[in-house]
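Dropping data27.txt in here (compact mmCIF, C-alpha atoms):
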# COMPACT_ATOMS: atom_id res chain seq x y z
CA MET A 25 0.00 0.00 0.00
CA LEU A 26 2.85 2.37 0.71
CA LEU A 27 4.20 1.65 -2.77
CA GLY A 28 0.81 2.59 -4.12
CA THR A 29 0.95 5.79 -2.10
CA VAL A 30 4.23 6.70 -3.81
CA THR A 31 2.55 6.25 -7.20
CA THR A 32 -0.40 8.34 -6.06
CA ILE A 33 1.95 11.15 -5.04
CA LYS A 34 3.80 10.87 -8.36
CA VAL A 35 0.52 11.17 -10.26
CA LEU A 36 -0.42 14.09 -8.02
CA VAL A 37 2.83 15.99 -8.64
CA CYS A 38 2.97 15.36 -12.40
CA SER A 39 -0.63 16.25 -13.06
CA THR A 40 -0.43 19.32 -10.83
CA ILE A 41 2.51 20.64 -12.87
CA LEU A 42 0.65 19.91 -16.09
CA TYR A 43 -2.56 21.53 -14.92
CA VAL A 44 -0.83 24.68 -13.72
CA ILE A 45 0.86 25.12 -17.11
CA ILE A 46 -2.33 24.41 -19.04
CA SER A 47 -4.45 26.72 -16.93
CA LEU A 48 -1.99 29.61 -17.32
CA ILE A 49 -1.85 29.17 -21.09
CA PHE A 50 -5.55 28.70 -21.66
CA GLY A 51 -6.58 31.26 -19.07
CA LEU A 52 -4.57 33.90 -20.90
CA MET A 53 -5.77 32.66 -24.28
CA ARG A 54 -9.32 33.03 -23.05
CA LEU A 55 -8.64 36.75 -22.50
CA SER A 56 -7.14 37.27 -25.92
CA LYS A 57 -8.82 39.71 -28.27
CA ASN A 58 -8.11 37.48 -31.24
CA PRO A 59 -11.37 35.55 -31.83
CA ILE A 60 -9.59 32.41 -33.06
CA ILE A 61 -7.36 32.12 -30.01
CA GLN A 62 -10.19 32.97 -27.66
CA GLY A 63 -12.51 30.55 -29.43
CA THR A 64 -10.01 27.71 -29.20
CA ALA A 65 -9.62 28.26 -25.48
CA THR A 66 -13.39 28.49 -24.93
CA VAL A 67 -14.05 25.27 -26.82
CA TYR A 68 -11.28 23.52 -24.91
CA ILE A 69 -12.55 24.71 -21.54
CA GLU A 70 -16.20 23.95 -22.23
CA PHE A 71 -15.32 20.54 -23.60
CA PHE A 72 -13.23 19.42 -20.67
CA ARG A 73 -15.54 20.91 -18.08
CA GLY A 74 -18.62 19.50 -19.74
CA THR A 75 -17.64 15.85 -19.73
CA SER A 76 -16.64 13.73 -16.83
CA LEU A 77 -13.06 13.05 -15.93
CA LEU A 78 -13.62 9.32 -15.93
CA VAL A 79 -14.92 9.40 -19.49
CA GLN A 80 -11.93 11.46 -20.59
CA LEU A 81 -9.59 9.08 -18.83
CA PHE A 82 -11.06 6.06 -20.55
CA TRP A 83 -11.07 7.92 -23.81
CA PHE A 84 -7.38 8.67 -23.54
CA TYR A 85 -6.54 5.15 -22.50
CA TYR A 86 -8.81 3.02 -24.66
CA VAL A 87 -9.70 5.16 -27.65
CA LEU A 88 -6.43 6.90 -28.53
CA PRO A 89 -4.77 3.57 -29.47
CA PHE A 90 -7.30 3.41 -32.31
CA PHE A 91 -5.62 6.47 -33.71
CA GLY A 92 -2.22 4.88 -33.36
CA LEU A 93 -1.31 6.80 -30.22
CA THR A 94 -0.80 4.36 -27.41
CA LEU A 95 -0.23 5.95 -24.05
CA GLU A 96 1.02 4.15 -21.01
CA ALA A 97 -1.58 3.95 -18.26
CA PHE A 98 0.39 6.36 -16.08
CA THR A 99 0.84 8.89 -18.88
CA ALA A 100 -2.80 8.64 -19.91
CA GLY A 101 -3.84 9.24 -16.32
CA VAL A 102 -1.61 12.25 -15.85
CA VAL A 103 -2.57 13.77 -19.19
CA ALA A 104 -6.30 13.27 -18.64
CA ILE A 105 -6.25 14.71 -15.13
CA GLY A 106 -3.93 17.54 -16.15
CA MET A 107 -6.09 18.55 -19.09
CA ASN A 108 -9.33 18.26 -17.17
CA PHE A 109 -8.14 20.32 -14.22
CA GLY A 110 -6.36 22.68 -16.61
CA ALA A 111 -9.76 23.63 -17.95
CA TYR A 112 -11.05 24.45 -14.46
CA GLY A 113 -7.81 26.23 -13.61
CA ALA A 114 -7.99 28.33 -16.77
CA GLU A 115 -11.22 29.85 -15.53
CA ILE A 116 -9.58 30.66 -12.20
CA VAL A 117 -6.67 32.33 -13.99
CA ARG A 118 -9.08 34.31 -16.12
CA GLY A 119 -10.94 35.47 -13.02
CA GLY A 120 -7.63 36.37 -11.40
CA VAL A 121 -6.46 38.50 -14.29
CA LEU A 122 -9.79 40.29 -14.42
CA ALA A 123 -9.60 40.92 -10.67
CA VAL A 124 -6.34 42.86 -10.89
CA PRO A 125 -7.34 46.48 -10.20
CA LYS A 126 -7.88 48.60 -13.25
CA GLY A 127 -5.44 51.20 -12.03
CA GLN A 128 -2.63 48.73 -12.54
CA TRP A 129 -3.53 48.32 -16.20
CA GLU A 130 -3.80 52.04 -16.66
CA GLY A 131 -0.57 52.66 -14.80
CA ALA A 132 1.29 50.23 -17.04
CA PHE A 133 -0.31 51.85 -20.06
CA ALA A 134 0.68 55.30 -18.88
CA LEU A 135 4.27 54.15 -18.46
CA ASN A 136 4.21 53.02 -22.08
CA PHE A 137 4.81 49.33 -21.36
CA THR A 138 4.28 47.00 -24.28
CA PRO A 139 1.31 44.65 -23.77
CA ALA A 140 3.65 41.67 -23.32
CA LYS A 141 5.74 43.48 -20.72
CA ARG A 142 2.63 44.76 -18.98
CA MET A 143 1.33 41.22 -18.64
CA ARG A 144 4.63 39.72 -17.58
CA LYS A 145 5.86 42.38 -15.19
CA ILE A 146 2.70 43.91 -13.77
CA ILE A 147 -0.36 41.71 -14.13
CA ILE A 148 0.87 38.12 -13.80
CA PRO A 149 2.81 38.65 -10.55
CA GLN A 150 -0.30 40.13 -9.01
CA ILE A 151 -2.70 37.34 -9.92
CA PHE A 152 -1.03 34.77 -7.68
CA PRO A 153 -2.44 35.94 -4.34
CA ILE A 154 -5.86 36.14 -5.99
CA ILE A 155 -5.85 32.75 -7.67
CA LEU A 156 -4.05 30.69 -5.06
CA PRO A 157 -6.96 30.09 -2.64
CA PRO A 158 -9.30 28.72 -5.32
CA ALA A 159 -6.39 26.91 -6.94
CA ALA A 160 -5.65 25.27 -3.59
CA ASN A 161 -9.18 23.89 -3.46
CA LEU A 162 -8.75 22.63 -6.98
CA THR A 163 -5.51 20.89 -6.06
CA VAL A 164 -7.19 19.06 -3.20
CA GLU A 165 -9.85 18.01 -5.69
CA LEU A 166 -7.02 16.83 -7.92
CA LEU A 167 -5.63 14.63 -5.17
CA LYS A 168 -9.01 12.97 -4.94
CA ALA A 169 -9.21 12.64 -8.69
CA THR A 170 -5.96 10.70 -8.79
CA ALA A 171 -7.88 7.77 -7.32
CA LEU A 172 -9.53 7.39 -10.71
CA VAL A 173 -6.31 6.40 -12.45
CA ALA A 174 -6.63 3.06 -10.66
CA LEU A 175 -9.45 2.29 -13.07
CA VAL A 176 -7.08 2.41 -16.03
CA THR A 177 -4.73 -0.01 -14.26
CA VAL A 178 -2.24 2.44 -12.76
CA VAL A 179 -0.98 0.71 -9.62
CA ASP A 180 -1.73 3.51 -7.19
CA LEU A 181 -3.11 3.54 -3.67
CA THR A 182 -6.67 2.83 -4.75
CA PHE A 183 -5.56 0.02 -7.03
CA GLU A 184 -3.55 -1.60 -4.24
CA ALA A 185 -6.47 -1.30 -1.83
CA LYS A 186 -8.72 -3.02 -4.36
CA GLN A 187 -6.17 -5.78 -4.96
CA ILE A 188 -5.62 -6.48 -1.29
CA ASN A 189 -9.35 -6.44 -0.77
CA ALA A 190 -9.81 -9.01 -3.54
CA ILE A 191 -7.23 -11.31 -1.94
CA THR A 192 -7.99 -10.96 1.75
CA TRP A 193 -11.60 -9.73 1.85
CA LEU A 194 -10.73 -7.51 4.77
CA SER A 195 -12.65 -4.64 3.22
CA ALA A 196 -12.95 -2.44 6.25
CA GLN A 197 -9.21 -2.50 6.92
CA CYS A 198 -8.18 -2.07 3.26
CA PHE A 199 -10.44 0.75 2.28
CA GLY A 200 -10.34 2.29 5.72
CA THR A 201 -6.56 2.52 5.55
CA ALA A 202 -6.70 3.92 2.03
CA LEU A 203 -9.19 6.58 3.12
CA LEU A 204 -6.97 7.49 6.05
CA ILE A 205 -3.87 7.77 3.86
CA TYR A 206 -5.66 10.11 1.47
CA TYR A 207 -6.90 12.14 4.41
CA ILE A 208 -3.42 12.39 5.91
CA ILE A 209 -1.83 13.40 2.59
CA SER A 210 -4.42 16.10 2.11
CA ARG A 211 -4.78 17.40 5.64
CA PHE A 212 -1.20 17.31 6.86
CA PHE A 213 0.88 17.69 3.71
CA LEU A 214 -0.98 19.17 0.77
CA VAL A 215 -3.11 21.78 2.53
CA PRO A 216 -0.32 23.21 4.75
CA PHE A 217 1.95 23.41 1.70
CA LEU A 218 -0.68 25.32 -0.26
CA ARG A 219 -1.32 27.67 2.66
CA TRP A 220 2.41 28.33 2.82
CA LEU A 221 2.39 29.17 -0.90
CA GLU A 222 -0.48 31.58 -0.30
CA VAL A 223 1.46 33.36 2.42
CA ILE A 224 4.55 33.61 0.20
CA ALA A 225 2.51 34.96 -2.70
CA ALA A 226 0.83 37.55 -0.51
CA ARG A 227 4.19 38.65 0.88
CA LYS A 228 5.71 39.01 -2.58
CA VAL A 229 3.24 41.70 -3.56
CA GLY A 230 3.27 43.26 -0.11
CA LYS A 231 -0.28 42.36 0.75
CA ASP A 232 0.45 40.94 4.16
CA ARG A 233 1.35 44.30 5.65
CA ILE A 234 -2.11 45.76 5.37
CA MET B 15 -8.00 -2.76 -34.85
CA ASN B 16 -8.94 -0.17 -37.38
CA ALA B 17 -9.22 3.45 -36.50
CA GLU B 18 -12.25 4.34 -38.54
CA TRP B 19 -15.37 5.65 -37.01
CA ARG B 20 -18.21 3.32 -37.99
CA TRP B 21 -21.52 5.12 -38.28
CA ASP B 22 -23.58 1.94 -38.53
CA PHE B 23 -22.12 0.68 -35.27
CA ALA B 24 -22.61 4.04 -33.60
CA ILE B 25 -26.25 4.15 -34.65
CA GLU B 26 -26.77 0.54 -33.66
CA ILE B 27 -25.67 1.17 -30.07
CA LEU B 28 -27.23 4.61 -29.71
CA PRO B 29 -30.68 3.50 -28.41
CA GLN B 30 -29.02 1.38 -25.75
CA MET B 31 -26.88 4.32 -24.67
CA LEU B 32 -29.80 6.73 -24.55
CA LEU B 33 -31.71 4.32 -22.35
CA ALA B 34 -28.76 4.16 -19.98
CA THR B 35 -28.64 7.95 -19.98
CA LEU B 36 -32.02 7.93 -18.26
CA ASN B 37 -30.46 5.91 -15.46
CA THR B 38 -27.63 8.40 -15.20
CA ILE B 39 -30.05 11.31 -14.93
CA LEU B 40 -32.11 9.42 -12.37
CA ALA B 41 -29.01 8.65 -10.32
CA ALA B 42 -27.90 12.28 -10.44
CA GLY B 43 -31.38 13.45 -9.41
CA ILE B 44 -31.74 11.11 -6.45
CA GLY B 45 -28.15 11.72 -5.39
CA TYR B 46 -28.74 15.45 -5.47
CA ALA B 47 -31.94 15.22 -3.44
CA ILE B 48 -30.15 13.21 -0.76
CA ALA B 49 -27.19 15.57 -0.84
CA ALA B 50 -29.45 18.60 -0.39
CA VAL B 51 -30.95 17.09 2.76
CA VAL B 52 -27.63 15.81 4.12
CA GLY B 53 -26.19 19.25 3.51
CA LEU B 54 -28.90 20.73 5.72
CA LEU B 55 -28.08 18.23 8.47
CA PHE B 56 -24.39 19.13 8.34
CA LEU B 57 -25.37 22.79 8.39
CA LEU B 58 -27.41 22.20 11.52
CA GLY B 59 -24.46 20.40 13.11
CA GLN B 60 -22.34 23.39 12.31
CA ARG B 61 -24.68 25.98 13.71
CA THR B 62 -25.67 24.33 16.98
CA PRO B 63 -24.26 26.18 19.96
CA ILE B 64 -22.77 22.94 21.39
CA LYS B 65 -18.98 23.08 20.84
CA VAL B 66 -18.39 19.31 20.78
CA VAL B 67 -21.00 18.77 18.08
CA ASN B 68 -19.43 21.55 16.04
CA MET B 69 -16.00 19.98 16.26
CA ILE B 70 -17.13 16.47 15.39
CA ASN B 71 -19.20 17.83 12.56
CA ARG B 72 -16.23 19.73 11.18
CA GLU B 73 -13.94 16.73 11.31
CA ILE B 74 -16.48 14.53 9.55
CA VAL B 75 -17.00 17.11 6.83
CA GLU B 76 -13.25 17.58 6.39
CA PHE B 77 -12.70 13.85 6.21
CA ILE B 78 -15.40 13.24 3.64
CA ARG B 79 -14.30 16.19 1.58
CA SER B 80 -10.65 15.26 1.42
CA THR B 81 -10.98 11.60 0.51
CA PRO B 82 -11.84 10.33 -2.97
CA LEU B 83 -15.42 9.50 -3.79
CA LEU B 84 -14.25 6.33 -5.51
CA ILE B 85 -12.83 4.80 -2.34
CA GLN B 86 -15.84 5.92 -0.34
CA LEU B 87 -17.98 4.02 -2.81
CA PHE B 88 -15.86 0.90 -2.38
CA PHE B 89 -15.93 1.37 1.35
CA VAL B 90 -19.71 1.54 1.57
CA TYR B 91 -20.19 -1.20 -0.98
CA PHE B 92 -17.72 -3.73 0.43
CA VAL B 93 -17.59 -2.92 4.11
CA LEU B 94 -21.25 -2.69 5.08
CA PRO B 95 -21.90 -6.36 4.16
CA GLN B 96 -19.25 -7.29 6.74
CA PHE B 97 -21.53 -5.85 9.35
CA GLY B 98 -24.48 -7.73 7.96
CA ILE B 99 -25.99 -4.84 6.00
CA THR B 100 -26.24 -5.81 2.37
CA LEU B 101 -27.42 -3.02 0.13
CA SER B 102 -27.81 -3.01 -3.61
CA ALA B 103 -25.26 -1.15 -5.69
CA TRP B 104 -27.86 1.52 -6.42
CA VAL B 105 -28.60 2.24 -2.78
CA CYS B 106 -24.90 2.28 -1.90
CA GLY B 107 -24.13 4.63 -4.73
CA MET B 108 -26.91 7.02 -3.79
CA ILE B 109 -25.95 7.07 -0.12
CA THR B 110 -22.31 7.72 -0.89
CA ILE B 111 -22.97 10.44 -3.43
CA GLY B 112 -25.49 12.00 -1.07
CA LEU B 113 -23.00 12.06 1.79
CA HIS B 114 -20.08 13.23 -0.30
CA PHE B 115 -21.86 16.10 -1.96
CA GLY B 116 -23.87 16.85 1.16
CA THR B 117 -20.66 18.09 2.76
CA TYR B 118 -20.09 20.40 -0.20
CA LEU B 119 -23.66 21.66 -0.17
CA SER B 120 -23.47 22.39 3.55
CA GLU B 121 -20.58 24.73 2.75
CA VAL B 122 -22.68 26.39 0.07
CA TYR B 123 -25.56 26.87 2.52
CA ARG B 124 -23.21 28.22 5.15
CA GLY B 125 -21.69 30.70 2.73
CA ALA B 126 -25.14 31.82 1.68
CA LEU B 127 -26.32 32.37 5.24
CA GLU B 128 -23.17 34.27 6.12
CA GLY B 129 -23.58 36.28 2.93
CA VAL B 130 -26.68 37.95 4.35
CA PRO B 131 -25.48 41.17 5.99
CA LYS B 132 -25.46 41.20 9.76
CA THR B 133 -27.47 44.39 9.81
CA GLN B 134 -30.45 42.44 8.51
CA TRP B 135 -30.39 40.33 11.65
CA GLU B 136 -30.03 43.38 13.83
CA ALA B 137 -32.93 45.10 12.13
CA CYS B 138 -35.13 42.05 12.73
CA ARG B 139 -34.08 42.00 16.36
CA ALA B 140 -34.98 45.69 16.59
CA LEU B 141 -38.39 44.99 15.08
CA ASN B 142 -38.90 42.19 17.60
CA PHE B 143 -39.34 39.45 14.98
CA SER B 144 -39.10 35.88 16.20
CA THR B 145 -36.09 33.83 15.03
CA PHE B 146 -38.32 31.64 12.90
CA TYR B 147 -39.97 34.64 11.28
CA THR B 148 -36.59 36.25 10.67
CA TYR B 149 -35.33 33.15 8.89
CA ARG B 150 -38.44 32.63 6.85
CA LYS B 151 -39.18 36.16 5.76
CA ILE B 152 -35.90 38.00 5.86
CA VAL B 153 -32.81 35.81 5.85
CA LEU B 154 -33.70 32.82 3.68
CA PRO B 155 -35.12 34.82 0.78
CA GLN B 156 -31.87 36.75 0.68
CA ALA B 157 -29.64 33.74 1.20
CA PHE B 158 -31.27 31.77 -1.60
CA PRO B 159 -29.86 33.70 -4.57
CA ILE B 160 -26.40 33.53 -3.04
CA ALA B 161 -26.71 29.76 -2.79
CA ILE B 162 -27.98 29.17 -6.32
CA PRO B 163 -24.72 29.25 -8.28
CA GLY B 164 -23.05 26.87 -5.83
CA MET B 165 -26.01 24.52 -5.72
CA GLY B 166 -26.23 24.50 -9.49
CA ASN B 167 -22.55 23.79 -9.87
CA TYR B 168 -22.81 20.78 -7.62
CA LEU B 169 -25.81 19.49 -9.52
CA VAL B 170 -23.66 19.45 -12.64
CA GLY B 171 -20.81 18.08 -10.51
CA ILE B 172 -22.91 15.14 -9.31
CA PHE B 173 -24.03 14.50 -12.84
CA LYS B 174 -20.41 14.29 -13.95
CA ASP B 175 -19.45 12.01 -11.08
CA THR B 176 -22.16 9.45 -11.73
CA PRO B 177 -19.82 7.45 -14.04
CA LEU B 178 -18.00 6.42 -10.87
CA LEU B 179 -21.07 4.42 -9.95
CA SER B 180 -20.27 2.06 -12.79
CA THR B 181 -17.31 0.74 -10.78
CA ILE B 182 -19.63 -0.87 -8.27
CA GLY B 183 -21.96 -2.08 -10.99
CA VAL B 184 -24.73 0.48 -11.25
CA ALA B 185 -26.08 0.17 -14.78
CA GLU B 186 -25.75 3.79 -15.87
CA LEU B 187 -24.42 5.34 -19.05
CA PHE B 188 -20.76 4.64 -18.55
CA HIS B 189 -21.43 1.09 -17.46
CA ALA B 190 -23.44 0.53 -20.62
CA ALA B 191 -20.61 1.94 -22.73
CA THR B 192 -18.06 -0.36 -21.13
CA ALA B 193 -20.35 -3.34 -21.57
CA VAL B 194 -21.04 -2.54 -25.21
CA GLY B 195 -17.37 -1.84 -25.86
CA GLY B 196 -16.31 -5.09 -24.25
CA TYR B 197 -18.91 -7.09 -26.16
CA HIS B 198 -17.98 -5.80 -29.61
CA TYR B 199 -14.39 -5.04 -28.72
CA ARG B 200 -14.79 -1.54 -30.06
CA TYR B 201 -14.32 1.27 -27.57
CA LEU B 202 -14.04 4.22 -29.94
CA GLU B 203 -17.75 4.72 -30.57
CA PRO B 204 -19.20 3.94 -27.13
CA TYR B 205 -16.84 6.18 -25.19
CA THR B 206 -17.10 8.98 -27.72
CA ILE B 207 -20.89 8.81 -27.57
CA VAL B 208 -20.76 8.94 -23.79
CA GLY B 209 -18.63 12.06 -23.99
CA LEU B 210 -21.02 13.68 -26.45
CA ILE B 211 -24.08 12.82 -24.36
CA PHE B 212 -22.42 14.36 -21.32
CA LEU B 213 -21.59 17.48 -23.27
CA THR B 214 -25.08 17.87 -24.68
CA LEU B 215 -26.56 17.55 -21.20
CA SER B 216 -24.16 19.48 -19.01
CA ILE B 217 -23.53 22.55 -21.14
CA PRO B 218 -27.24 23.47 -21.45
CA ALA B 219 -27.64 22.70 -17.75
CA ALA B 220 -24.83 25.09 -16.89
CA MET B 221 -26.35 27.77 -19.12
CA TRP B 222 -29.76 27.23 -17.59
CA ILE B 223 -28.33 27.66 -14.10
CA ARG B 224 -26.67 30.89 -15.14
CA LYS B 225 -30.02 32.13 -16.40
CA ILE B 226 -31.85 31.26 -13.17
CA GLU B 227 -29.13 33.03 -11.26
CA LYS B 228 -29.72 36.17 -13.29
CA ASN B 229 -33.50 35.94 -12.92
CA VAL B 230 -33.31 35.54 -9.17
CA ASN B 231 -30.92 38.43 -8.87
CA LEU B 232 -33.26 40.49 -11.01
CA ALA B 233 -36.26 39.63 -8.86
CA GLN B 234 -34.27 40.55 -5.76
CA GLY B 235 -33.38 43.91 -7.24
CA LYS B 236 -29.66 43.17 -6.96
CA ILE B 237 -29.06 44.06 -10.58
CA LYS B 238 -31.10 46.14 -12.93
CA LYS B 239 -32.39 45.17 -16.35
CA GLU B 240 -30.05 47.55 -18.15
CA GLN B 241 -27.04 45.77 -16.70
CA LEU B 242 -27.86 42.54 -18.50

Exercise: express the given structure as structure tokens:
Amino acid sequence: MLLGTVTTIKVLVCSTILYVIISLIFGLMRLSKNPIIQGTATVYIEFFRGTSLLVQLFWFYYVLPFFGLTLEAFTAGVVAIGMNFGAYGAEIVRGGVLAVPKGQWEGAFALNFTPAKRMRKIIIPQIFPIILPPAANLTVELLKATALVALVTVVDLTFEAKQINAITWLSAQCFGTALLIYYIISRFFLVPFLRWLEVIAARKVGKDRI
Amino acid sequence: MNAEWRWDFAIEILPQMLLATLNTILAAGIGYAIAAVVGLLFLLGQRTPIKVVNMINREIVEFIRSTPLLIQLFFVYFVLPQFGITLSAWVCGMITIGLHFGTYLSEVYRGALEGVPKTQWEACRALNFSTFYTYRKIVLPQAFPIAIPGMGNYLVGIFKDTPLLSTIGVAELFHAATAVGGYHYRYLEPYTIVGLIFLTLSIPAAMWIRKIEKNVNLAQGKIKKEQL
């Protein structure tokens, strides 16, 4: 079971990295004035938010081989979770950018910053304290979603629990332990880490001194 | 295995899939009804003045919220029989979904109640309204529009989590797709159809919820017609 936990954490870390990248890219694309770029992002977000993660996971794992693209179970799991949560995250990023006070935009404009520089130097650094609390919730959701990769044969915590249950029939102990491990990961590792990130982000823009 | 999409096969399995969709909708509906009630119970636990109840309630909610629904399903489905309670997959699924999303809904309710300004309570106290009257006439009508977006989101959320029920053998849409795919050894069409059915149901649902939200806000006078 501990081996399975390691896999679960690996899935968690990989898909978190993927989802953060995707949400930044698509969140900014969603704000673009170019209708093609904005349209692409909207379709992507609506598509991945509109269907269930499990369906996407099975689609990546069982259907993509039809198109000659065979993914390993682990990769399929990470990609599916990353893309699904990326869609949710993109909306958070979009909200964050829109929540940056208007004066900041105008200030950057007045200082004759190019749009790219304005985004990179002024707006993006300020969105982190805004988006981190909802993103933290999303990441806890992601931890729970990693349990689904067991269904496409990734040997993670859930998979191990199921296996041991099938052999020993000690259901209460197996699934009880698995539940506890997930709870411990979330409550004592993931959540404190995310809170710490929030504090850092707030300090970086000088918000903690208010 | 050939990669072509076969229309004849897709059309052949479509009626079966649509039938299973009804089960999915039914499951989501029942699950949501249970969750709405369970959410109220958790809310009560949170708002009672007894400290111990509050603490236990909070720990339970935290625990349910931070563990995966999938394992909770397995837990309820496999563990209860050990204690001599054998429930059908349907009942287990509904209970688990109800409990899991009940914790989320209780948070939505709490947020909505706290979203009503404190001055409203004070005004009612000043007018000597009873607590019951305050809730019924003043607080709840104002809390309701705040709760709608959250409640709607979780309705769609439950709908999208029903495929998990297939893992304990509830015959809903995803279960049907897996069965059909396994029988014909073709997964391309069934899973794609499932995805499309989910899209066609959840996007209009989300839009509908947004519209209700606007209407309620309009009726409450929070926004004016010109702002729409």

Practice item. With a distance threshold of 8 Å and counting all atoms listed in the file, extract the residues of chain A near chain B and express them as a PyMOL selection string. Key: chain A and resi 70-71+74-80+82-83+86-87+90-92+164-165+167-169+171-172+182+195-196+199-200+202-204+206-207+210-211

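As for atom CA of A:Ser39 and atom CA of A:Gly110, they are spaced 9.3 Å apart.
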
Practice item. Work out how far apart atom CA of B:Val52 and atom CA of B:Leu169 are and give it in Å to one decimal. Key: 14.2 Å

Point to revise | Computed interatomic separation between atom CA of A:Ala123 and atom CA of A:Val229 (Å) | key: 14.7 Å
